[in-house]
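Participant: What follows is entry_12.cif, mmCIF, C-alpha atoms and all ligand atoms.
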data_data
#
loop_
_atom_site.group_PDB
_atom_site.id
_atom_site.type_symbol
_atom_site.label_atom_id
_atom_site.label_comp_id
_atom_site.auth_asym_id
_atom_site.auth_seq_id
_atom_site.Cartn_x
_atom_site.Cartn_y
_atom_site.Cartn_z
ATOM 1 C CA MET A 1 141.645 142.777 67.414
ATOM 2 C CA GLY A 2 141.892 140.342 64.480
ATOM 3 C CA VAL A 3 138.288 140.783 63.380
ATOM 4 C CA THR A 4 136.907 138.377 60.782
ATOM 5 C CA ARG A 5 134.233 140.077 58.674
ATOM 6 C CA TRP A 6 130.923 138.417 57.786
ATOM 7 C CA VAL A 7 127.551 139.644 56.546
ATOM 8 C CA LEU A 8 124.057 138.185 56.784
ATOM 9 C CA LYS A 9 122.990 136.537 53.536
ATOM 10 C CA SER A 10 120.559 138.639 51.572
ATOM 11 C CA ALA A 11 117.111 137.240 50.995
ATOM 12 C CA GLN A 12 117.817 136.978 47.302
ATOM 13 C CA GLN A 13 121.009 134.965 47.822
ATOM 14 C CA ALA A 14 119.477 132.466 50.165
ATOM 15 C CA LEU A 15 116.021 131.929 48.672
ATOM 16 C CA PRO A 16 115.663 128.695 46.731
ATOM 17 C CA GLU A 17 114.515 128.821 43.142
ATOM 18 C CA GLU A 18 111.288 127.074 44.070
ATOM 19 C CA ALA A 19 109.742 127.705 47.489
ATOM 20 C CA GLU A 20 107.097 125.330 48.824
ATOM 21 C CA GLU A 21 104.504 128.030 48.557
ATOM 22 C CA PRO A 22 104.489 131.546 47.166
ATOM 23 C CA VAL A 23 106.123 134.018 49.516
ATOM 24 C CA ARG A 24 103.584 136.569 50.643
ATOM 25 C CA ASP A 25 104.279 139.872 52.307
ATOM 26 C CA ALA A 26 102.608 141.124 55.423
ATOM 27 C CA PRO A 27 100.585 144.312 54.869
ATOM 28 C CA ASP A 28 102.846 147.356 54.629
ATOM 29 C CA ALA A 29 105.766 145.004 55.035
ATOM 30 C CA ASP A 30 108.719 147.218 54.102
ATOM 31 C CA PRO A 31 110.719 147.382 57.320
ATOM 32 C CA ALA A 32 113.217 149.944 56.016
ATOM 33 C CA HIS A 33 111.648 152.921 57.786
ATOM 34 C CA ALA A 34 109.776 151.140 60.570
ATOM 35 C CA ASP A 35 110.461 151.856 64.232
ATOM 36 C CA LEU A 36 110.573 148.960 66.688
ATOM 37 C CA ASP A 37 106.875 149.162 67.591
ATOM 38 C CA THR A 38 105.834 149.164 63.942
ATOM 39 C CA LEU A 39 108.280 146.382 63.171
ATOM 40 C CA ARG A 40 106.744 144.253 65.920
ATOM 41 C CA GLN A 41 103.277 144.801 64.474
ATOM 42 C CA MET A 42 104.523 143.785 61.029
ATOM 43 C CA VAL A 43 106.122 140.610 62.371
ATOM 44 C CA GLU A 44 103.001 139.630 64.307
ATOM 45 C CA VAL A 45 101.023 139.389 61.059
ATOM 46 C CA CYS A 46 103.879 138.240 58.817
ATOM 47 C CA THR A 47 103.152 135.417 56.384
ATOM 48 C CA ARG A 48 106.404 135.591 54.420
ATOM 49 C CA CYS A 49 107.290 131.956 55.024
ATOM 50 C CA PRO A 50 105.428 128.746 55.850
ATOM 51 C CA LEU A 51 106.369 128.934 59.546
ATOM 52 C CA HIS A 52 103.498 131.340 60.137
ATOM 53 C CA ARG A 53 101.047 128.472 59.689
ATOM 54 C CA GLY A 54 102.128 126.631 62.830
ATOM 55 C CA ARG A 55 102.775 129.522 65.195
ATOM 56 C CA ARG A 56 100.661 130.459 68.162
ATOM 57 C CA ARG A 57 102.543 133.724 68.579
ATOM 58 C CA ALA A 58 105.368 135.279 66.651
ATOM 59 C CA VAL A 59 108.302 135.954 68.964
ATOM 60 C CA PHE A 60 109.567 139.372 67.984
ATOM 61 C CA GLY A 61 112.104 139.950 70.744
ATOM 62 C CA THR A 62 112.397 141.718 74.079
ATOM 63 C CA GLY A 63 114.613 144.327 75.642
ATOM 64 C CA PRO A 64 115.385 148.023 75.750
ATOM 65 C CA ARG A 65 116.345 150.028 72.696
ATOM 66 C CA THR A 66 119.442 151.141 74.618
ATOM 67 C CA ALA A 67 120.729 147.602 75.263
ATOM 68 C CA PRO A 68 124.549 147.410 75.316
ATOM 69 C CA PHE A 69 124.442 144.078 73.504
ATOM 70 C CA MET A 70 121.986 141.923 71.627
ATOM 71 C CA VAL A 71 121.557 138.193 72.081
ATOM 72 C CA ILE A 72 120.469 136.306 68.974
ATOM 73 C CA GLY A 73 119.216 132.743 69.170
ATOM 74 C CA GLU A 74 117.841 130.304 66.652
ATOM 75 C CA GLY A 75 114.057 130.503 66.913
ATOM 76 C CA PRO A 76 111.157 129.948 69.293
ATOM 77 C CA GLY A 77 110.511 126.597 70.955
ATOM 78 C CA ALA A 78 107.193 125.449 72.364
ATOM 79 C CA GLN A 79 107.242 127.631 75.466
ATOM 80 C CA GLU A 80 108.421 130.699 73.573
ATOM 81 C CA ASP A 81 105.707 130.134 70.975
ATOM 82 C CA ALA A 82 103.084 129.963 73.730
ATOM 83 C CA ARG A 83 104.300 133.081 75.561
ATOM 84 C CA GLY A 84 105.537 135.175 72.681
ATOM 85 C CA GLU A 85 108.879 135.737 74.430
ATOM 86 C CA PRO A 86 112.365 134.475 73.580
ATOM 87 C CA PHE A 87 114.349 132.173 75.867
ATOM 88 C CA VAL A 88 111.870 131.095 78.527
ATOM 89 C CA GLY A 89 111.869 127.773 80.410
ATOM 90 C CA ARG A 90 115.016 126.047 81.698
ATOM 91 C CA ALA A 91 117.278 127.284 78.913
ATOM 92 C CA GLY A 92 116.011 130.812 79.460
ATOM 93 C CA ARG A 93 116.708 130.597 83.188
ATOM 94 C CA LEU A 94 120.257 129.460 82.489
ATOM 95 C CA LEU A 95 120.710 132.360 80.089
ATOM 96 C CA ASP A 96 119.459 134.692 82.836
ATOM 97 C CA ALA A 97 122.008 133.176 85.217
ATOM 98 C CA MET A 98 124.759 133.767 82.660
ATOM 99 C CA PHE A 99 123.776 137.436 82.488
ATOM 100 C CA VAL A 100 123.715 137.683 86.290
ATOM 101 C CA ALA A 101 127.258 136.263 86.342
ATOM 102 C CA MET A 102 128.225 139.083 83.969
ATOM 103 C CA GLY A 103 126.565 141.618 86.270
ATOM 104 C CA VAL A 104 123.962 142.401 83.624
ATOM 105 C CA PRO A 105 120.241 141.916 84.388
ATOM 106 C CA ARG A 106 118.207 140.247 81.651
ATOM 107 C CA ASP A 107 115.921 143.249 81.278
ATOM 108 C CA SER A 108 118.869 145.377 80.156
ATOM 109 C CA VAL A 109 119.676 143.004 77.259
ATOM 110 C CA TYR A 110 117.901 142.855 73.893
ATOM 111 C CA ILE A 111 117.050 139.258 72.915
ATOM 112 C CA ALA A 112 115.851 138.148 69.479
ATOM 113 C CA ASN A 113 115.982 135.150 67.167
ATOM 114 C CA ILE A 114 116.995 134.339 63.604
ATOM 115 C CA VAL A 115 113.395 133.298 62.834
ATOM 116 C CA LYS A 116 110.397 134.734 64.667
ATOM 117 C CA CYS A 117 108.037 131.753 64.342
ATOM 118 C CA ARG A 118 108.490 128.251 65.722
ATOM 119 C CA PRO A 119 109.743 125.587 63.304
ATOM 120 C CA PRO A 120 107.698 122.365 63.589
ATOM 121 C CA ASN A 121 109.059 119.860 66.111
ATOM 122 C CA ASN A 122 111.842 122.317 66.911
ATOM 123 C CA ARG A 123 113.733 121.440 63.731
ATOM 124 C CA ASP A 124 116.371 123.831 62.420
ATOM 125 C CA PRO A 125 114.896 126.661 60.351
ATOM 126 C CA ARG A 126 115.393 126.068 56.625
ATOM 127 C CA PRO A 127 117.468 128.468 54.518
ATOM 128 C CA ASP A 128 114.386 129.859 52.755
ATOM 129 C CA GLU A 129 112.718 130.546 56.113
ATOM 130 C CA VAL A 130 115.845 132.266 57.442
ATOM 131 C CA ALA A 131 116.073 134.339 54.269
ATOM 132 C CA SER A 132 112.414 135.357 54.510
ATOM 133 C CA CYS A 133 112.893 136.508 58.106
ATOM 134 C CA ALA A 134 116.272 138.181 57.609
ATOM 135 C CA GLY A 135 114.863 141.623 56.811
ATOM 136 C CA TRP A 136 113.046 141.805 60.150
ATOM 137 C CA LEU A 137 116.174 140.941 62.113
ATOM 138 C CA ARG A 138 118.380 143.243 60.055
ATOM 139 C CA ARG A 139 116.116 146.214 60.812
ATOM 140 C CA GLN A 140 115.867 145.192 64.467
ATOM 141 C CA ILE A 141 119.663 145.312 64.767
ATOM 142 C CA GLU A 142 119.762 148.687 62.978
ATOM 143 C CA LEU A 143 117.251 150.126 65.435
ATOM 144 C CA VAL A 144 118.774 148.754 68.636
ATOM 145 C CA ARG A 145 122.348 149.535 67.511
ATOM 146 C CA PRO A 146 123.975 147.356 70.180
ATOM 147 C CA ARG A 147 127.685 147.634 70.865
ATOM 148 C CA ALA A 148 128.035 143.900 70.169
ATOM 149 C CA ILE A 149 126.043 140.767 69.351
ATOM 150 C CA LEU A 150 126.140 137.450 71.197
ATOM 151 C CA ALA A 151 125.133 134.625 68.843
ATOM 152 C CA VAL A 152 123.988 131.638 70.899
ATOM 153 C CA GLY A 153 124.122 128.205 69.329
ATOM 154 C CA ARG A 154 125.234 126.807 65.985
ATOM 155 C CA VAL A 155 122.142 127.746 63.997
ATOM 156 C CA ALA A 156 122.188 131.379 65.115
ATOM 157 C CA ALA A 157 125.921 131.724 64.546
ATOM 158 C CA GLN A 158 125.984 130.065 61.132
ATOM 159 C CA ASN A 159 123.065 132.067 59.797
ATOM 160 C CA LEU A 160 124.111 135.385 61.250
ATOM 161 C CA LEU A 161 127.638 134.971 59.914
ATOM 162 C CA SER A 162 126.732 133.164 56.664
ATOM 163 C CA SER A 163 129.139 130.421 57.614
ATOM 164 C CA SER A 164 129.052 126.651 57.557
ATOM 165 C CA LEU A 165 131.796 126.295 60.155
ATOM 166 C CA SER A 166 131.029 124.335 63.300
ATOM 167 C CA LEU A 167 130.267 126.134 66.542
ATOM 168 C CA GLY A 168 133.627 124.981 67.858
ATOM 169 C CA ARG A 169 135.393 126.687 64.942
ATOM 170 C CA LEU A 170 133.330 129.873 65.267
ATOM 171 C CA ARG A 171 133.865 130.252 69.026
ATOM 172 C CA GLY A 172 136.936 131.848 70.526
ATOM 173 C CA ARG A 173 137.324 134.845 68.219
ATOM 174 C CA VAL A 174 135.491 138.031 67.385
ATOM 175 C CA HIS A 175 133.597 138.200 64.085
ATOM 176 C CA SER A 176 131.776 141.168 62.656
ATOM 177 C CA TYR A 177 128.333 141.738 61.228
ATOM 178 C CA GLY A 178 127.010 144.402 58.883
ATOM 179 C CA SER A 179 128.205 147.863 58.004
ATOM 180 C CA PRO A 180 129.343 149.685 60.036
ATOM 181 C CA PRO A 181 130.629 146.438 61.521
ATOM 182 C CA LEU A 182 129.339 145.187 64.841
ATOM 183 C CA PRO A 183 131.483 142.730 66.785
ATOM 184 C CA VAL A 184 129.943 139.260 67.145
ATOM 185 C CA VAL A 185 130.838 136.736 69.840
ATOM 186 C CA VAL A 186 129.666 133.139 69.420
ATOM 187 C CA THR A 187 128.806 130.883 72.340
ATOM 188 C CA TYR A 188 126.903 127.712 73.189
ATOM 189 C CA HIS A 189 123.129 127.585 73.328
ATOM 190 C CA PRO A 190 121.973 127.344 76.959
ATOM 191 C CA ALA A 191 119.944 124.217 76.085
ATOM 192 C CA TYR A 192 123.240 122.580 75.081
ATOM 193 C CA LEU A 193 124.874 123.754 78.316
ATOM 194 C CA LEU A 194 122.084 122.107 80.316
ATOM 195 C CA ARG A 195 123.037 118.811 78.648
ATOM 196 C CA SER A 196 126.784 119.461 78.734
ATOM 197 C CA PRO A 197 127.574 121.488 81.861
ATOM 198 C CA HIS A 198 131.310 120.747 81.482
ATOM 199 C CA ASP A 199 131.320 123.382 78.707
ATOM 200 C CA LYS A 200 130.045 126.168 80.973
ATOM 201 C CA GLY A 201 133.631 127.289 81.554
ATOM 202 C CA LYS A 202 134.081 127.897 77.826
ATOM 203 C CA ALA A 203 130.794 129.820 77.724
ATOM 204 C CA TRP A 204 132.066 131.989 80.550
ATOM 205 C CA GLN A 205 135.158 132.811 78.490
ATOM 206 C CA ASP A 206 132.824 133.914 75.678
ATOM 207 C CA LEU A 207 130.840 136.130 78.051
ATOM 208 C CA LYS A 208 133.996 137.728 79.388
ATOM 209 C CA ARG A 209 135.011 138.537 75.807
ATOM 210 C CA LEU A 210 131.573 140.091 75.244
ATOM 211 C CA ARG A 211 131.885 142.097 78.451
ATOM 212 C CA GLU A 212 135.241 143.458 77.351
ATOM 213 C CA LEU A 213 133.758 144.519 74.019
ATOM 214 C CA THR A 214 130.703 146.230 75.472
ATOM 215 C CA GLY A 215 131.990 147.501 78.793
ATOM 216 C CA SER A 216 128.958 145.835 80.423
ATOM 217 C CA GLY A 217 128.788 144.627 83.995
ATOM 218 C CA PRO A 218 131.042 145.251 86.965
HETATM 219 S S1 LIG A 301 109.421 133.086 60.555
HETATM 220 FE FE1 LIG A 301 109.728 135.229 60.004
HETATM 221 S S2 LIG A 301 109.363 135.337 57.793
HETATM 222 FE FE2 LIG A 301 108.463 133.408 58.538
HETATM 223 S S3 LIG A 301 106.307 133.938 58.948
HETATM 224 FE FE3 LIG A 301 107.454 134.161 60.878
HETATM 225 S S4 LIG A 301 108.029 136.348 60.948
HETATM 226 FE FE4 LIG A 301 107.439 135.874 58.844
#
Take the structure in the file and write it out as structure tokens.
Facilitator:
Amino acid sequence: MGVTRWVLKSAQQALPEEAEEPVRDAPDADPAHADLDTLRQMVEVCTRCPLHRGRRRAVFGTGPRTAPFMVIGEGPGAQEDARGEPFVGRAGRLLDAMFVAMGVPRDSVYIANIVKCRPPNNRDPRPDEVASCAGWLRRQIELVRPRAILAVGRVAAQNLLSSSLSLGRLRGRVHSYGSPPLPVVVTYHPAYLLRSPHDKGKAWQDLKRLRELTGSGP
């Protein structure tokens, strides 16, 4: 299959020498043995990075533990922050429509983000924030054990794959994450597709690749 292997940066690798404020752990914040319910509770009170100061709600993720694939986005926007759910609003509805086209209802997919709290003014999450949040996502992926991951958007793809390549360079092939390796398909963020609908055809190619990998849909 020509798989290119990548791993998520460890917190130690990606943390800067001097953070803006001391990193603090949530109570009982070792996720290594947590189940999904416990992990959610830990994330909801997490203060590991400065993003906790501006959040209304941490956005842990949604979906069944038996999901055939996991969608990973960048981080919550305003509506997600208000509702505590990933991918709501217009971009979320387009993502739902993409799943419907695959023959996969949204409620059968597990959806999470690289960072669980909203960056101010929807800026990209900083490397130290991504590194602080990485342990939550890593454990989430371990627990869901999807057959594949769909990374949506440049920020999600670059951070998940520890790559600085552009989205255009990362699309169109299958990467892998973790050990044992999980296949990763990269596609456009639905917010980008709303602005650039001419690229929906390429996104559909990505979804077909994901469907082949997971055996999902009709
Ligand atoms: S973004 Fe992640 S690490 Fe930072 S406070 Fe929120 S849950 Fe904790």
Participant: May I have the residues within 6 Å of ligand LIG 301 (chain A), computed using only C-alpha atoms and all ligand atoms, as number ranges by chain?
Facilitator: A: 43, 46-49, 51-52, 115-117, 129, 132-133
Participant: Can you pull out the residues contacting region 82-97 of chain A? Cut-off 7 Å, using only C-alpha atoms, and skip same-chain residues under 4 positions away; I want them as a short mmCIF file (atom, residue, chain, number, x, y, z; two decimals) with C-alpha atoms, in the coordinates of the input.
Facilitator:
data_model
loop_
_atom_site.label_atom_id
_atom_site.label_comp_id
_atom_site.auth_asym_id
_atom_site.auth_seq_id
_atom_site.Cartn_x
_atom_site.Cartn_y
_atom_site.Cartn_z
CA ARG A 56 100.66 130.46 68.16
CA ARG A 57 102.54 133.72 68.58
CA ALA A 58 105.37 135.28 66.65
CA VAL A 59 108.30 135.95 68.96
CA GLY A 61 112.10 139.95 70.74
CA THR A 62 112.40 141.72 74.08
CA PRO A 76 111.16 129.95 69.29
CA ALA A 78 107.19 125.45 72.36
CA ALA A 101 127.26 136.26 86.34
CA ARG A 106 118.21 140.25 81.65
CA ILE A 111 117.05 139.26 72.92
CA ALA A 112 115.85 138.15 69.48
CA PRO A 190 121.97 127.34 76.96
CA ALA A 191 119.94 124.22 76.08
#
Participant: Have a look at A:Val100, A:Ala134, A:Ile72, A:Ala203 and name the one nearest to Gly168 (chain A); count only C-alpha atoms.
Facilitator: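 The closest residue to Gly168 (chain A) is A:Ala203.
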Participant: Which of these, A:Val71, A:Val109, A:Ala131, A:Leu170, has the shortest distance to Ala151 (chain A) once you count only C-alpha atoms?
Facilitator: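 The shortest atom-to-atom distance to Ala151 (chain A) comes from A:Val71.
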Participant: Quick one: distance from CA of Pro31 (chain A) to CA of Leu213 (chain A) in Å, one decimal?
Facilitator: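 CA of Leu213 (chain A) lies at a distance of 28.6 Å from CA of Pro31 (chain A).
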Participant: Report, in Å to a single decimal, how far apart CA of Trp136 (chain A) and CA of Glu44 (chain A) are.
Facilitator: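 Here the two named atoms are 11.1 Å from each other.
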Participant: Kindly indicate which residue among A:Leu210, A:Met98, A:Leu137, A:Val144 lies nearest to Arg171 (chain A), using only C-alpha atoms for the distances.
Facilitator: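 Closest residue, counting only C-alpha atoms: A:Leu210.
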